[in-house]
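Chemist: I am sharing work_39.cif, which consists of mmCIF, C-alpha atoms:
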data_target
loop_
_atom_site.label_atom_id
_atom_site.label_comp_id
_atom_site.auth_asym_id
_atom_site.auth_seq_id
_atom_site.Cartn_x
_atom_site.Cartn_y
_atom_site.Cartn_z
CA MET I 182 -29.71 -21.94 -27.91
CA LYS I 183 -27.42 -19.43 -26.29
CA ILE I 184 -26.02 -16.65 -28.40
CA PRO I 185 -22.59 -15.62 -27.13
CA VAL I 186 -21.98 -11.90 -27.14
CA VAL I 187 -18.34 -11.65 -28.08
CA ARG I 188 -18.10 -7.94 -28.75
CA GLN I 189 -15.80 -6.34 -26.17
CA ILE I 190 -17.61 -3.53 -24.44
CA LEU I 191 -15.14 -0.98 -23.16
CA SER I 192 -15.72 0.31 -19.67
CA ALA I 193 -16.20 4.04 -19.27
CA ASN I 194 -12.71 4.17 -17.77
CA ASP I 195 -11.12 2.31 -20.68
CA GLN I 196 -12.91 4.53 -23.17
CA ILE I 197 -11.49 7.67 -21.57
CA ALA I 198 -8.07 6.02 -21.23
CA MET I 199 -8.11 5.54 -25.02
CA GLU I 200 -8.92 9.22 -25.46
CA ASN I 201 -6.04 10.14 -23.14
CA ARG I 202 -3.73 7.93 -25.17
CA ALA I 203 -4.85 9.57 -28.40
CA ALA I 204 -4.09 13.00 -26.92
CA PHE I 205 -0.66 11.83 -25.77
CA ASP I 206 0.09 10.27 -29.16
CA ALA I 207 -1.01 13.40 -31.00
CA ALA I 208 1.36 15.48 -28.89
CA GLY I 209 4.19 12.92 -29.25
CA VAL I 210 4.37 12.28 -25.51
CA PHE I 211 5.42 8.89 -24.14
CA VAL I 212 3.64 8.17 -20.85
CA LEU I 213 4.64 6.05 -17.83
CA ASN I 214 2.20 4.98 -15.12
CA LEU I 215 4.27 4.41 -11.95
CA MET I 216 2.61 2.15 -9.38
CA ALA I 217 3.98 1.04 -5.99
CA SER I 218 3.33 0.69 -2.28
CA PRO I 219 3.44 3.85 -0.17
CA GLY I 220 7.05 4.91 0.30
CA ALA I 221 8.62 2.57 -2.28
CA GLY I 222 10.28 5.57 -3.91
CA LYS I 223 8.11 6.58 -6.86
CA THR I 224 9.05 10.26 -6.68
CA SER I 225 12.72 9.40 -6.18
CA VAL I 226 12.65 7.13 -9.24
CA ILE I 227 11.11 9.93 -11.32
CA LEU I 228 13.78 12.43 -10.29
CA ALA I 229 16.67 9.95 -10.63
CA THR I 230 15.37 8.99 -14.10
CA VAL I 231 14.98 12.59 -15.27
CA ASP I 232 18.55 13.31 -14.14
CA ARG I 233 19.81 10.61 -16.52
CA LEU I 234 17.70 11.29 -19.61
CA PRO I 235 19.53 12.17 -22.82
CA GLN I 236 19.93 15.90 -23.31
CA GLY I 237 16.92 17.55 -24.88
CA VAL I 238 14.33 15.05 -23.59
CA ARG I 239 11.68 17.12 -21.82
CA ALA I 240 9.77 15.52 -18.94
CA GLY I 241 6.63 16.41 -17.02
CA VAL I 242 4.92 14.82 -14.04
CA VAL I 243 1.41 14.13 -12.76
CA GLU I 244 1.37 13.46 -9.02
CA GLY I 245 -1.47 11.37 -7.62
CA ASP I 246 -2.04 11.39 -3.87
CA VAL I 247 -4.93 10.86 -1.49
CA ALA I 248 -3.94 14.17 0.13
CA SER I 249 -1.13 16.77 0.30
CA SER I 250 1.11 18.29 -2.38
CA ILE I 251 4.38 17.10 -0.84
CA ASP I 252 5.51 15.20 -3.95
CA ALA I 253 4.39 17.88 -6.39
CA ASP I 254 6.33 20.49 -4.40
CA THR I 255 9.44 18.28 -4.54
CA VAL I 256 9.10 17.84 -8.30
CA ALA I 257 8.32 21.53 -8.94
CA ALA I 258 11.42 22.49 -6.95
CA ARG I 259 13.41 20.62 -9.62
CA GLY I 260 11.93 22.84 -12.32
CA LEU I 261 9.68 20.20 -13.90
CA PRO I 262 6.13 20.97 -15.01
CA VAL I 263 3.85 19.14 -12.58
CA VAL I 264 0.13 18.76 -11.91
CA GLN I 265 -1.06 17.47 -8.54
CA ILE I 266 -4.20 15.33 -8.40
CA ASN I 267 -5.62 14.83 -4.91
CA THR I 268 -8.03 11.93 -5.03
CA GLY I 269 -9.63 12.98 -1.74
CA GLY I 270 -9.77 9.47 -0.36
CA SER I 271 -9.86 7.39 -3.53
CA CYS I 272 -7.21 4.68 -3.58
CA HIS I 273 -6.15 4.99 -7.25
CA LEU I 274 -5.98 7.33 -10.22
CA ASP I 275 -8.45 6.73 -13.03
CA ALA I 276 -8.64 7.83 -16.64
CA PRO I 277 -11.12 10.69 -16.03
CA MET I 278 -8.76 12.20 -13.42
CA ILE I 279 -5.92 12.17 -15.96
CA HIS I 280 -8.29 13.59 -18.57
CA SER I 281 -9.04 16.54 -16.26
CA ALA I 282 -5.31 17.13 -15.80
CA LEU I 283 -4.57 17.32 -19.55
CA PRO I 284 -5.47 21.03 -20.01
CA HIS I 285 -3.02 21.90 -17.23
CA LEU I 286 -0.09 20.13 -18.91
CA PRO I 287 2.13 21.65 -21.65
CA LEU I 288 1.82 18.42 -23.66
CA ASN I 289 3.29 19.86 -26.85
CA GLU I 290 6.45 20.82 -24.99
CA LEU I 291 6.96 17.37 -23.46
CA ASP I 292 8.54 14.13 -24.64
CA LEU I 293 7.95 12.05 -21.50
CA LEU I 294 5.19 12.21 -18.91
CA PHE I 295 5.52 10.40 -15.58
CA ILE I 296 2.21 9.69 -13.85
CA GLU I 297 2.84 8.85 -10.21
CA ASN I 298 -0.15 6.82 -9.06
CA VAL I 299 -1.48 6.68 -5.49
CA GLY I 300 0.68 4.49 -3.23
CA ASN I 301 -1.21 1.19 -3.34
CA LEU I 302 -0.17 -2.24 -4.57
CA ILE I 303 -3.71 -3.39 -5.43
CA CYS I 304 -6.35 -1.06 -6.85
CA PRO I 305 -4.36 1.09 -9.34
CA ALA I 306 -3.68 -2.01 -11.47
CA ASP I 307 -7.37 -2.16 -12.40
CA PHE I 308 -7.58 1.31 -13.97
CA ALA I 309 -5.99 2.04 -17.34
CA LEU I 310 -4.90 5.67 -17.66
CA GLY I 311 -3.78 5.77 -21.30
CA SER I 312 -0.07 5.24 -20.56
CA ASN I 313 2.45 3.47 -22.81
CA LEU I 314 4.12 1.65 -19.93
CA ASN I 315 3.15 0.37 -16.49
CA VAL I 316 6.17 0.67 -14.24
CA VAL I 317 5.77 -1.22 -10.96
CA ILE I 318 8.29 -0.20 -8.30
CA ALA I 319 8.90 -2.67 -5.50
CA SER I 320 11.40 -1.82 -2.78
CA VAL I 321 13.76 -4.00 -0.79
CA PRO I 322 12.41 -3.12 2.70
CA GLU I 323 8.95 -4.38 1.67
CA GLY I 324 10.35 -7.88 1.31
CA HIS I 325 10.83 -10.37 -1.52
CA ASP I 326 7.39 -11.96 -1.16
CA LYS I 327 5.38 -9.10 -2.67
CA PRO I 328 4.79 -10.66 -6.15
CA TYR I 329 3.25 -13.71 -4.44
CA LYS I 330 0.97 -11.61 -2.24
CA TYR I 331 -0.04 -8.97 -4.80
CA PRO I 332 -0.04 -10.90 -8.09
CA GLY I 333 -2.50 -8.57 -9.84
CA MET I 334 -0.15 -5.61 -9.66
CA PHE I 335 2.85 -7.56 -10.92
CA ALA I 336 0.75 -9.09 -13.71
CA ALA I 337 -0.06 -5.55 -14.88
CA ALA I 338 3.57 -4.44 -15.03
CA THR I 339 5.46 -3.79 -18.27
CA VAL I 340 8.64 -3.53 -16.22
CA VAL I 341 9.44 -4.01 -12.52
CA LEU I 342 12.03 -1.92 -10.68
CA VAL I 343 13.34 -3.10 -7.29
CA ASN I 344 14.32 0.12 -5.55
CA LYS I 345 16.53 0.65 -2.45
CA PHE I 346 18.64 -2.24 -3.68
CA ASP I 347 21.67 -0.83 -1.84
CA LEU I 348 19.96 -2.28 1.27
CA GLN I 349 19.65 -5.83 -0.11
CA GLU I 350 21.87 -7.33 2.59
CA VAL I 351 20.32 -5.34 5.44
CA PHE I 352 16.94 -6.88 4.61
CA ASP I 353 18.10 -10.35 3.41
CA PHE I 354 16.25 -9.67 0.17
CA ASP I 355 16.28 -12.73 -2.11
CA LEU I 356 16.19 -11.36 -5.66
CA ASP I 357 15.85 -14.82 -7.25
CA TYR I 358 12.77 -15.62 -5.16
CA PHE I 359 11.32 -12.22 -6.08
CA ARG I 360 12.04 -12.80 -9.80
CA ARG I 361 10.36 -16.22 -9.70
CA GLY I 362 7.27 -14.59 -8.16
CA VAL I 363 7.08 -12.01 -10.95
CA ALA I 364 7.69 -14.68 -13.61
CA MET I 365 4.78 -16.76 -12.29
CA VAL I 366 2.28 -14.05 -13.26
CA ASN I 367 4.26 -12.11 -15.85
CA PRO I 368 7.09 -13.99 -17.57
CA ASP I 369 7.83 -11.16 -20.00
CA ALA I 370 8.39 -8.30 -17.57
CA PRO I 371 12.04 -7.42 -17.00
CA VAL I 372 12.99 -7.04 -13.33
CA MET I 373 15.66 -4.39 -12.67
CA PRO I 374 17.28 -3.73 -9.30
CA VAL I 375 18.00 -0.02 -8.80
CA SER I 376 18.97 2.37 -6.04
CA CYS I 377 17.96 5.99 -6.31
CA ARG I 378 20.34 6.78 -3.48
CA SER I 379 23.50 5.15 -4.82
CA GLY I 380 22.50 5.38 -8.48
CA ALA I 381 23.21 1.67 -9.02
CA GLY I 382 21.16 0.14 -11.83
CA MET I 383 19.72 3.47 -12.94
CA ASP I 384 21.69 3.59 -16.19
CA THR I 385 20.38 0.14 -17.20
CA TRP I 386 16.81 1.21 -16.48
CA VAL I 387 17.12 4.54 -18.30
CA ALA I 388 18.74 2.88 -21.32
CA TRP I 389 15.86 0.38 -21.45
CA LEU I 390 13.33 3.23 -21.20
CA VAL I 391 15.00 5.29 -23.92
CA GLN I 392 14.95 2.23 -26.18
CA ARG I 393 11.22 1.74 -25.54
CA VAL I 394 10.56 5.38 -26.41
CA ALA I 395 12.58 5.04 -29.61
CA ARG I 396 10.67 1.86 -30.56
CA ARG I 397 7.37 3.73 -30.12
CA GLU I 398 8.71 6.52 -32.35
CA ARG I 399 9.50 3.94 -35.02
CA GLY I 400 5.85 2.93 -34.75
CA LYS I 401 6.36 -0.46 -33.14
CA ASP I 402 4.55 0.21 -29.87
CA MET L 207 -41.35 21.50 5.18
CA LYS L 208 -38.45 19.08 5.23
CA ILE L 209 -38.41 16.35 7.84
CA PRO L 210 -34.84 15.50 8.81
CA VAL L 211 -34.20 11.80 9.23
CA VAL L 212 -31.73 11.68 12.08
CA ARG L 213 -31.75 7.99 12.81
CA GLN L 214 -28.34 6.50 12.07
CA ILE L 215 -28.68 3.70 9.57
CA LEU L 216 -25.87 1.20 9.98
CA SER L 217 -24.27 -0.04 6.81
CA ALA L 218 -24.45 -3.78 6.20
CA ASN L 219 -20.74 -3.96 7.00
CA ASP L 220 -21.12 -2.10 10.29
CA GLN L 221 -24.06 -4.30 11.27
CA ILE L 222 -21.99 -7.45 10.79
CA ALA L 223 -18.99 -5.83 12.51
CA MET L 224 -21.24 -5.35 15.57
CA GLU L 225 -22.21 -9.02 15.42
CA ASN L 226 -18.52 -9.99 15.23
CA ARG L 227 -17.79 -7.77 18.23
CA ALA L 228 -20.62 -9.39 20.19
CA ALA L 229 -19.17 -12.84 19.42
CA PHE L 230 -15.69 -11.72 20.50
CA ASP L 231 -17.06 -10.16 23.70
CA ALA L 232 -19.06 -13.28 24.52
CA ALA L 233 -15.92 -15.38 24.19
CA GLY L 234 -13.82 -12.86 26.14
CA VAL L 235 -11.46 -12.23 23.21
CA PHE L 236 -9.78 -8.85 22.73
CA VAL L 237 -9.29 -8.13 19.02
CA LEU L 238 -6.70 -6.03 17.16
CA ASN L 239 -7.09 -4.94 13.53
CA LEU L 240 -3.56 -4.41 12.16
CA MET L 241 -3.37 -2.13 9.12
CA ALA L 242 -0.28 -1.04 7.18
CA SER L 243 1.37 -0.69 3.78
CA PRO L 244 2.66 -3.86 2.14
CA GLY L 245 5.85 -4.93 3.85
CA ALA L 246 5.65 -2.62 6.87
CA GLY L 247 6.02 -5.64 9.14
CA LYS L 248 2.51 -6.62 10.27
CA THR L 249 3.35 -10.31 10.65
CA SER L 250 6.62 -9.50 12.41
CA VAL L 251 4.81 -7.21 14.86
CA ILE L 252 2.31 -9.98 15.63
CA LEU L 253 5.06 -12.52 16.34
CA ALA L 254 7.22 -10.07 18.33
CA THR L 255 4.15 -9.10 20.38
CA VAL L 256 3.12 -12.69 21.08
CA ASP L 257 6.68 -13.44 22.25
CA ARG L 258 6.34 -10.76 24.94
CA LEU L 259 2.81 -11.42 26.21
CA PRO L 260 2.42 -12.31 29.89
CA GLN L 261 2.41 -16.05 30.49
CA GLY L 262 -0.97 -17.65 29.99
CA VAL L 263 -2.28 -15.12 27.47
CA ARG L 264 -3.45 -17.16 24.49
CA ALA L 265 -3.28 -15.54 21.04
CA GLY L 266 -4.74 -16.40 17.63
CA VAL L 267 -4.36 -14.81 14.20
CA VAL L 268 -6.46 -14.08 11.12
CA GLU L 269 -4.30 -13.42 8.06
CA GLY L 270 -5.77 -11.31 5.27
CA ASP L 271 -4.03 -11.32 1.89
CA VAL L 272 -4.99 -10.79 -1.72
CA ALA L 273 -3.29 -14.11 -2.47
CA SER L 274 -0.93 -16.73 -0.98
CA SER L 275 -0.69 -18.27 2.50
CA ILE L 276 2.87 -17.11 3.17
CA ASP L 277 2.02 -15.22 6.36
CA ALA L 278 -0.36 -17.88 7.69
CA ASP L 279 2.34 -20.50 7.19
CA THR L 280 4.82 -18.34 9.12
CA VAL L 281 2.34 -17.89 11.98
CA ALA L 282 1.31 -21.56 12.02
CA ALA L 283 4.97 -22.57 12.21
CA ARG L 284 5.06 -20.72 15.54
CA GLY L 285 2.27 -22.90 16.88
CA LEU L 286 -0.46 -20.24 16.85
CA PRO L 287 -4.02 -20.98 15.67
CA VAL L 288 -4.43 -19.11 12.38
CA VAL L 289 -7.05 -18.69 9.66
CA GLN L 290 -6.03 -17.40 6.23
CA ILE L 291 -8.48 -15.23 4.31
CA ASN L 292 -7.59 -14.73 0.64
CA THR L 293 -9.59 -11.79 -0.65
CA GLY L 294 -8.99 -12.85 -4.26
CA GLY L 295 -8.25 -9.31 -5.44
CA SER L 296 -10.15 -7.23 -2.93
CA CYS L 297 -7.99 -4.55 -1.32
CA HIS L 298 -9.27 -4.86 2.26
CA LEU L 299 -10.89 -7.20 4.76
CA ASP L 300 -14.53 -6.56 5.61
CA ALA L 301 -16.80 -7.65 8.43
CA PRO L 302 -18.49 -10.48 6.49
CA MET L 303 -15.08 -12.03 5.73
CA ILE L 304 -14.26 -12.02 9.45
CA HIS L 305 -17.71 -13.41 10.19
CA SER L 306 -17.01 -16.36 7.87
CA ALA L 307 -13.71 -16.99 9.66
CA LEU L 308 -15.30 -17.20 13.14
CA PRO L 309 -16.34 -20.88 12.98
CA HIS L 310 -12.74 -21.78 12.13
CA LEU L 311 -11.32 -20.06 15.22
CA PRO L 312 -11.14 -21.59 18.74
CA LEU L 313 -12.54 -18.34 20.20
CA ASN L 314 -13.22 -19.79 23.64
CA GLU L 315 -9.59 -20.79 23.97
CA LEU L 316 -8.24 -17.35 23.03
CA ASP L 317 -7.60 -14.11 24.93
CA LEU L 318 -6.23 -12.06 22.05
CA LEU L 319 -6.95 -12.18 18.34
CA PHE L 320 -4.72 -10.39 15.82
CA ILE L 321 -6.39 -9.65 12.50
CA GLU L 322 -3.74 -8.82 9.90
CA ASN L 323 -5.48 -6.76 7.25
CA VAL L 324 -4.47 -6.62 3.56
CA GLY L 325 -1.38 -4.44 3.00
CA ASN L 326 -2.95 -1.14 1.99
CA LEU L 327 -2.78 2.30 3.62
CA ILE L 328 -6.13 3.47 2.25
CA CYS L 329 -9.15 1.18 1.86
CA PRO L 330 -9.01 -0.99 5.04
CA ALA L 331 -9.66 2.12 7.17
CA ASP L 332 -13.19 2.31 5.76
CA PHE L 333 -14.31 -1.15 6.90
CA ALA L 334 -15.00 -1.90 10.56
CA LEU L 335 -14.34 -5.54 11.46
CA GLY L 336 -15.56 -5.63 15.05
CA SER L 337 -12.13 -5.15 16.64
CA ASN L 338 -11.38 -3.41 19.95
CA LEU L 339 -8.31 -1.60 18.58
CA ASN L 340 -7.08 -0.33 15.22
CA VAL L 341 -3.31 -0.68 15.14
CA VAL L 342 -1.70 1.21 12.26
CA ILE L 343 1.89 0.16 11.56
CA ALA L 344 4.05 2.62 9.65
CA SER L 345 7.66 1.73 8.91
CA VAL L 346 10.75 3.88 8.68
CA PRO L 347 11.70 2.99 5.05
CA GLU L 348 8.30 4.31 3.87
CA GLY L 349 9.26 7.81 5.01
CA HIS L 350 8.03 10.28 7.60
CA ASP L 351 5.46 11.92 5.31
CA LYS L 352 2.91 9.09 5.33
CA PRO L 353 0.42 10.66 7.81
CA TYR L 354 0.20 13.72 5.55
CA LYS L 355 -0.38 11.65 2.42
CA TYR L 356 -2.72 9.02 3.91
CA PRO L 357 -4.64 10.96 6.58
CA GLY L 358 -7.69 8.67 6.55
CA MET L 359 -5.69 5.68 7.76
CA PHE L 360 -3.98 7.60 10.55
CA ALA L 361 -7.29 9.15 11.60
CA ALA L 362 -8.68 5.62 12.04
CA ALA L 363 -5.82 4.47 14.30
CA THR L 364 -6.20 3.81 18.03
CA VAL L 365 -2.41 3.50 18.22
CA VAL L 366 0.40 3.97 15.68
CA LEU L 367 3.57 1.84 15.69
CA VAL L 368 6.61 2.99 13.71
CA ASN L 369 8.40 -0.23 12.85
CA LYS L 370 11.99 -0.80 11.62
CA PHE L 371 13.01 2.08 13.87
CA ASP L 372 16.54 0.63 14.14
CA LEU L 373 16.97 2.08 10.63
CA GLN L 374 15.95 5.63 11.56
CA GLU L 375 19.35 7.10 10.68
CA VAL L 376 19.75 5.12 7.45
CA PHE L 377 16.53 6.70 6.16
CA ASP L 378 16.81 10.16 7.83
CA PHE L 379 13.41 9.50 9.38
CA ASP L 380 12.14 12.58 11.26
CA LEU L 381 9.96 11.22 14.09
CA ASP L 382 8.80 14.69 15.20
CA TYR L 383 7.54 15.52 11.72
CA PHE L 384 5.78 12.14 11.60
CA ARG L 385 4.20 12.73 15.03
CA ARG L 386 2.94 16.16 13.98
CA GLY L 387 1.30 14.57 10.93
CA VAL L 388 -0.50 12.00 13.06
CA ALA L 389 -1.54 14.66 15.59
CA MET L 390 -3.12 16.77 12.82
CA VAL L 391 -5.72 14.09 12.14
CA ASN L 392 -5.66 12.13 15.39
CA PRO L 393 -4.35 14.01 18.46
CA ASP L 394 -5.20 11.16 20.86
CA ALA L 395 -3.35 8.30 19.19
CA PRO L 396 -0.07 7.36 20.86
CA VAL L 397 2.85 6.95 18.42
CA MET L 398 5.36 4.28 19.44
CA PRO L 399 8.65 3.59 17.65
CA VAL L 400 9.48 -0.13 17.64
CA SER L 401 11.85 -2.54 15.97
CA CYS L 402 10.84 -6.15 15.58
CA ARG L 403 14.42 -6.97 14.67
CA SER L 404 16.22 -5.36 17.62
CA GLY L 405 13.26 -5.58 19.99
CA ALA L 406 13.57 -1.87 20.87
CA GLY L 407 10.27 -0.31 21.95
CA MET L 408 8.43 -3.63 22.00
CA ASP L 409 8.12 -3.75 25.80
CA THR L 410 6.51 -0.29 25.87
CA TRP L 411 4.01 -1.33 23.20
CA VAL L 412 3.16 -4.66 24.83
CA ALA L 413 2.74 -2.99 28.25
CA TRP L 414 0.35 -0.47 26.67
CA LEU L 415 -1.58 -3.29 24.97
CA VAL L 416 -1.84 -5.36 28.15
CA GLN L 417 -3.17 -2.30 29.97
CA ARG L 418 -5.82 -1.78 27.29
CA VAL L 419 -6.91 -5.40 27.58
CA ALA L 420 -7.12 -5.07 31.38
CA ARG L 421 -9.20 -1.88 31.01
CA ARG L 422 -11.64 -3.70 28.75
CA GLU L 423 -11.87 -6.49 31.31
CA ARG L 424 -12.77 -3.93 33.95
CA GLY L 425 -15.60 -2.89 31.64
CA LYS L 426 -14.18 0.50 30.64
CA ASP L 427 -13.72 -0.14 26.93
#
I'd like the structure from this file rewritten - as structure tokens, please.

Modeler:
Amino acid sequence: MKIPVVRQILSANDQIAMENRAAFDAAGVFVLNLMASPGAGKTSVILATVDRLPQGVRAGVVEGDVASSIDADTVAARGLPVVQINTGGSCHLDAPMIHSALPHLPLNELDLLFIENVGNLICPADFALGSNLNVVIASVPEGHDKPYKYPGMFAAATVVLVNKFDLQEVFDFDLDYFRRGVAMVNPDAPVMPVSCRSGAGMDTWVAWLVQRVARRERGKD
Amino acid sequence: MKIPVVRQILSANDQIAMENRAAFDAAGVFVLNLMASPGAGKTSVILATVDRLPQGVRAGVVEGDVASSIDADTVAARGLPVVQINTGGSCHLDAPMIHSALPHLPLNELDLLFIENVGNLICPADFALGSNLNVVIASVPEGHDKPYKYPGMFAAATVVLVNKFDLQEVFDFDLDYFRRGVAMVNPDAPVMPVSCRSGAGMDTWVAWLVQRVARRERGKD
């Protein structure tokens, strides 16, 4: 007779992700984990989103990169509190890295925290950080076939943004084909075309985000 | 007294990569490992290169993807022998995967083999496959800061192509800044702007490639 062991054993990463989440909840901070290919526009989405937040909403940023502080410098120049994590070769952020960043963040003075993951459409999806939302950012120049080729990432998304949408025609980007690919692995995730450059779609995305934050505050998330 | 062990122990991957290389050499096939972010244009570069090869040069393709056979179908539609490797979640190709593909390739009928790695600017750089060249393909929409953020990949390159260069102005892409970033980690790698769409730069790249193949045939590589 086989005895099935049904108790879920949390991985070390998931355990620390839960601790991160508890720290965020205690401080009243809503946290987004932004995942995308290199150059899809994660930093641009953060800045364009912050520009459109309702007055009084205070945002901070964690920048994850293999190397350099280019993105953190860009964010700091906009006056936002930011912590840079250099993974030194690792292809994703993990919960312990975020845990180490916590003491360097003014959590009690923040309402929203954007965690910009390492540019990679595969590995980051496997590591919970303790965020409330997984935001996957695709971009038009990458092509409309990405959900079919990288299903794990799109399955992990709470919401999918399609950035650089002002260039849809230049790249013959087929939004319906893209949407069907996302729906195959993740029928519940909304797909929102945006352009950080033109601003198109950003109001829809920010309104959706503000609603999600409000729902969490009412205790529904 | 400590006795230093100076003998280089090859990893299992490197050992199999050497076996792959021996099989390629025996068949007289010159092999390219193409690495890039998702959507940088690896498949397009393969097809645009094949279109410009001197008459009589016979090319084959190995397509690496997390999922789907989209790229292999595209390549097969052009009449090229192609093997699809689905990594099933893994973020890179490795030497054993290529080894398993060998029996499915008509090696003795090929002069050039293009291995299209999984779209990822980090992990593939760490796994030798047995290729003669590492071709790293950046693309203009990703931005000119990629060599600074992903130094490991650019350090692993034999040659760097900058694809979608017809859109340089649309994206304010600073080629000099990009070149300086590559040179910091890899001063010897040539950096060649190309556009698969317009064809610009492709002749320079193909001429360089043909010269490298000829050099190998003269026993210098």

Chemist: Per residue of chain L within 9 Å of chain I, note the shortest atom pair and the distance in Å to one decimal, counting all atoms listed in the file, and order the rows by chain and increasing residue number, as CSV.

Modeler:
residue,atom,partner,partner_atom,distance
L:Ser243,CA,I:Pro219,CA,6.4
L:Pro244,CA,I:Glu323,CA,6.3
L:Gly245,CA,I:Glu323,CA,3.8
L:Ala246,CA,I:Glu323,CA,6.4
L:Gly247,CA,I:Glu323,CA,8.1
L:Asp271,CA,I:Lys330,CA,6.5
L:Val272,CA,I:Lys330,CA,6.0
L:Ala273,CA,I:Lys330,CA,4.9
L:Ser274,CA,I:Lys330,CA,5.6
L:Ser275,CA,I:Lys330,CA,8.3
L:Ile276,CA,I:Lys330,CA,7.9
L:Gly295,CA,I:Gly333,CA,7.3
L:Ser296,CA,I:Ile303,CA,7.9
L:Cys297,CA,I:Ile303,CA,6.0
L:Gly325,CA,I:Leu302,CA,8.0
L:Asn326,CA,I:Asn301,CA,6.1
L:Leu327,CA,I:Asn301,CA,7.2
L:Ile328,CA,I:Cys272,CA,6.1
L:Cys329,CA,I:Cys272,CA,6.8
L:Pro347,CA,I:Pro322,CA,6.6
L:Glu348,CA,I:Gly220,CA,3.8
L:Gly349,CA,I:Gly220,CA,6.0
L:Asp351,CA,I:Ile251,CA,8.1
L:Lys352,CA,I:Pro219,CA,7.6
L:Tyr354,CA,I:Ser249,CA,6.2
L:Lys355,CA,I:Ala248,CA,4.9
L:Tyr356,CA,I:Val247,CA,6.1
L:Pro357,CA,I:Ala248,CA,7.2
L:Gly358,CA,I:Gly270,CA,7.3

Chemist: Starting from the displayed file, determine the output of the PyMOL selection byres ((chain L and resi 337) around 6) and express the residue list as an mmCIF file with C-alpha atoms, in the frame of the given file.

Modeler:
data_model
loop_
_atom_site.group_PDB
_atom_site.id
_atom_site.type_symbol
_atom_site.label_atom_id
_atom_site.label_comp_id
_atom_site.auth_asym_id
_atom_site.auth_seq_id
_atom_site.Cartn_x
_atom_site.Cartn_y
_atom_site.Cartn_z
ATOM 1 C CA VAL L 237 -9.290 -8.130 19.020
ATOM 2 C CA LEU L 238 -6.700 -6.030 17.160
ATOM 3 C CA ASN L 239 -7.090 -4.940 13.530
ATOM 4 C CA LEU L 335 -14.340 -5.540 11.460
ATOM 5 C CA GLY L 336 -15.560 -5.630 15.050
ATOM 6 C CA ASN L 338 -11.380 -3.410 19.950
ATOM 7 C CA LEU L 339 -8.310 -1.600 18.580
#

Chemist: Care to translate the PyMOL selection byres ((chain L and resi 408) around 9) into actual residues of this file, as a list in words?

Modeler: Val251, Ala254, Thr255, Arg258, Met398, Pro399, Val400, Ser401, Cys402, Gly405, Ala406, Gly407, Asp409, Thr410, Trp411, Val412 and Ala413 of chain L

Chemist: Tell me which protein, DNA and RNA residues are within 12 Å of Leu291 (chain I), counting all atoms listed in the file, leaving out same-chain ones fewer than 4 positions away, and put them as a compact mmCIF listing (two decimals) with C-alpha atoms, in the frame of the given file.

Modeler:
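And here's selection_38.txt as it stands now:
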# COMPACT_ATOMS: atom_id res chain seq x y z
CA PHE I 205 -0.66 11.83 -25.77
CA ASP I 206 0.09 10.27 -29.16
CA ALA I 207 -1.01 13.40 -31.00
CA ALA I 208 1.36 15.48 -28.89
CA GLY I 209 4.19 12.92 -29.25
CA VAL I 210 4.37 12.28 -25.51
CA PHE I 211 5.42 8.89 -24.14
CA VAL I 212 3.64 8.17 -20.85
CA GLY I 237 16.92 17.55 -24.88
CA VAL I 238 14.33 15.05 -23.59
CA ARG I 239 11.68 17.12 -21.82
CA ALA I 240 9.77 15.52 -18.94
CA GLY I 241 6.63 16.41 -17.02
CA VAL I 242 4.92 14.82 -14.04
CA LEU I 261 9.68 20.20 -13.90
CA PRO I 262 6.13 20.97 -15.01
CA VAL I 263 3.85 19.14 -12.58
CA LEU I 286 -0.09 20.13 -18.91
CA PRO I 287 2.13 21.65 -21.65
CA PHE I 295 5.52 10.40 -15.58

Chemist: Calculate how many Å separate CA of Asp279 (chain L) from CA of Asp317 (chain L), rounding to one decimal.

Modeler: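 Atom-to-atom, CA of Asp279 (chain L) to CA of Asp317 (chain L), that is 21.3 Å.
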
Chemist: So the first atom is CA of Met224 (chain L) and the second is CA of Ser306 (chain L); what is the distance between them in Å, to one decimal place?

Modeler: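 Atom-to-atom, CA of Met224 (chain L) to CA of Ser306 (chain L), that is 14.1 Å.
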
Chemist: Which residue is closest to Val317 (chain I)? Choose from I:Leu390, I:Ile266, I:Leu274, I:Met216 and count all atoms listed in the file.

Modeler: I:Met216

Chemist: Tell me, in Å to one decimal, how far CA of Ala363 (chain L) is from CA of Pro330 (chain L).

Modeler: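 Straight-line distance from CA of Ala363 (chain L) to CA of Pro330 (chain L) works out to 11.2 Å.
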
Chemist: Go through the shown structure with the PyMOL selection byres ((chain L and resi 305) around 9) and write out the matching residues as a count of residues only.

Modeler: 14

Chemist: Choose the residue, out of I:Ala253, I:Ala309, I:Val363, I:Leu356, that has the smallest atom-to-atom separation from Gln196 (chain I); count only C-alpha atoms.

Modeler: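 Among I:Ala253, I:Ala309, I:Val363, I:Leu356, it is I:Ala309 that comes nearest to Gln196 (chain I).
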
Chemist: Taking into account all atoms listed in the file, which residue in the set I:Val316, I:Leu191, I:Ala257, I:Val391 is nearest to Ile296 (chain I)?

Modeler: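 Once distances to Ile296 (chain I) are computed over all atoms listed in the file, the minimum belongs to I:Val316.
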